[in-house]
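Novice: Pasting a structure here, questions to come.
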Amino acid sequence: MTMEKGNKAPALELVNTDLETVQIPSKKSPTVLLFFPLAFTSVCTTELCHIRDNFKPYEKVDAEVYGISVDSPFTLKEFKESQKLNFPLLSDFNKNAARAYGALYEEFVFGMQGVAKRSAFVIDEDGVVQYAEVLDDAGDLPDFEAIQSTLENL
């Protein structure tokens, strides 16, 4: 089932690039979850670098922003460092978060299975999804303006 606006966001724990457990969503501020298929791929790099280069609107509303993929935390650490990303990346290696949000390709390219769909979710401080976008085409980017607009209106 795909997570939709108005749904209660599931409480999950994922591992960041420093091998620390992170609880999502955050209870102290709005949370933005950006699921992406795979580190080091062209569209994923474009997406996350866009966030990096346009981070002020997220800071302005004190949003917690997380990039999430099924890559290992070690791969994500290298990716984060190589792209100088200014927000945490979380490993959903066991695919629990992607499944819970309805953002998982059962079949992806090259016979790969269990890869996160490119998706964006905005969750308010009460843990309610206020924006949900799950893209079937991995070549598409999320609607960054809609994400920022949602944050501004919380």
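Every chain in the structure tokens takes a letter, A first, then B, and so on in the order presented; its residues are numbered from 1, and the ligands are numbered from 1 following the presented order.
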Just list as a count of residues only whatever in stretch 15-135 of chain A DSSP marks as alpha helix (DSSP H).

Specialist: 33

Novice: Taking the DSSP assignment computed from this structure's backbone, write out as a count of residues only all residues of stretch 26-152 of chain A that belong to strand (DSSP E or B).

Specialist: 30

Novice: Per residue of stretch 59-154 of chain A within 8 Å of stretch 45-51 of chain A, which atom pair is closest and at what distance in Å (one decimal), using only C-alpha atoms, listed by chain and increasing number, as a tab-separated table?

Specialist:
```
residue	atom	partner	partner_atom	distance
A:Gly67	CA	A:Leu48	CA	7.5
A:Gln83	CA	A:Cys49	CA	7.1
A:Leu85	CA	A:Cys49	CA	6.9
A:Leu141	CA	A:Glu47	CA	6.6
```

Novice: Save out the residues we just selected, N, CA and C atoms, as a PDB file, in the first residue's frame.

Specialist:
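What follows is the written file out00.pdb:
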```pdb
ATOM      1  N   GLY A  67      17.888  11.428   2.806  1.00  0.00           N
ATOM      2  CA  GLY A  67      17.901  10.636   1.594  1.00  0.00           C
ATOM      3  C   GLY A  67      17.963   9.175   2.011  1.00  0.00           C
ATOM      4  N   GLN A  83      29.770  13.609  -3.126  1.00  0.00           N
ATOM      5  CA  GLN A  83      28.883  14.666  -3.615  1.00  0.00           C
ATOM      6  C   GLN A  83      28.772  15.841  -2.632  1.00  0.00           C
ATOM      7  N   LEU A  85      27.224  16.094   0.191  1.00  0.00           N
ATOM      8  CA  LEU A  85      25.827  16.291   0.578  1.00  0.00           C
ATOM      9  C   LEU A  85      25.756  16.815   2.004  1.00  0.00           C
ATOM     10  N   LEU A 141      12.026  13.200 -11.524  1.00  0.00           N
ATOM     11  CA  LEU A 141      12.415  13.811 -10.255  1.00  0.00           C
ATOM     12  C   LEU A 141      11.174  14.230  -9.483  1.00  0.00           C
TER      13      LEU A 141
END
```

Novice: Under the rule that only C-alpha atoms are counted, which of A:Glu20, A:Val109, A:Arg99, A:Leu151 is the nearest residue to A:Glu125?

Specialist: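 Looking at the shortest contact to A:Glu125, the residue is A:Leu151.
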
Novice: Excluding A:Asn86 and any residue of its chain fewer than 2 positions from it, enumerate the residues within 8 Å of it, using only C-alpha atoms, and give them as a list of chain:residue names.

Specialist: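 These residues fall inside the cut-off: A:Arg52, A:Lys84, A:Pro88.
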
Novice: Taking into account only C-alpha atoms, which residue in the set A:Thr21, A:Asn7, A:Ser69, A:Thr31 is nearest to A:Ile147?

Specialist: A:Thr31

Novice: Using only C-alpha atoms, find the one residue out of A:Pro37, A:Pro30, A:Gly111, A:Pro10 that sits nearest to A:Val65.

Specialist: A:Pro30

Novice: Which residue is closest to A:Val15? Choose from A:Thr41, A:Ser29, A:Gln130, A:Asn96 and count only C-alpha atoms.

Specialist: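 With only C-alpha atoms as the atom set, the closest residue is A:Asn96.
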
Novice: Point out the residue among A:Pro25, A:Thr150, A:Asp140, A:Leu14 with the least atom-to-atom distance to A:Val43, counting only C-alpha atoms.

Specialist: A:Asp140

Novice: Mind pulling up the distance from atom CA of A:Ala63 to atom CA of A:Asp143?

Specialist: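 Straight-line distance from atom CA of A:Asp143 to atom CA of A:Ala63 works out to 16.8 Å.
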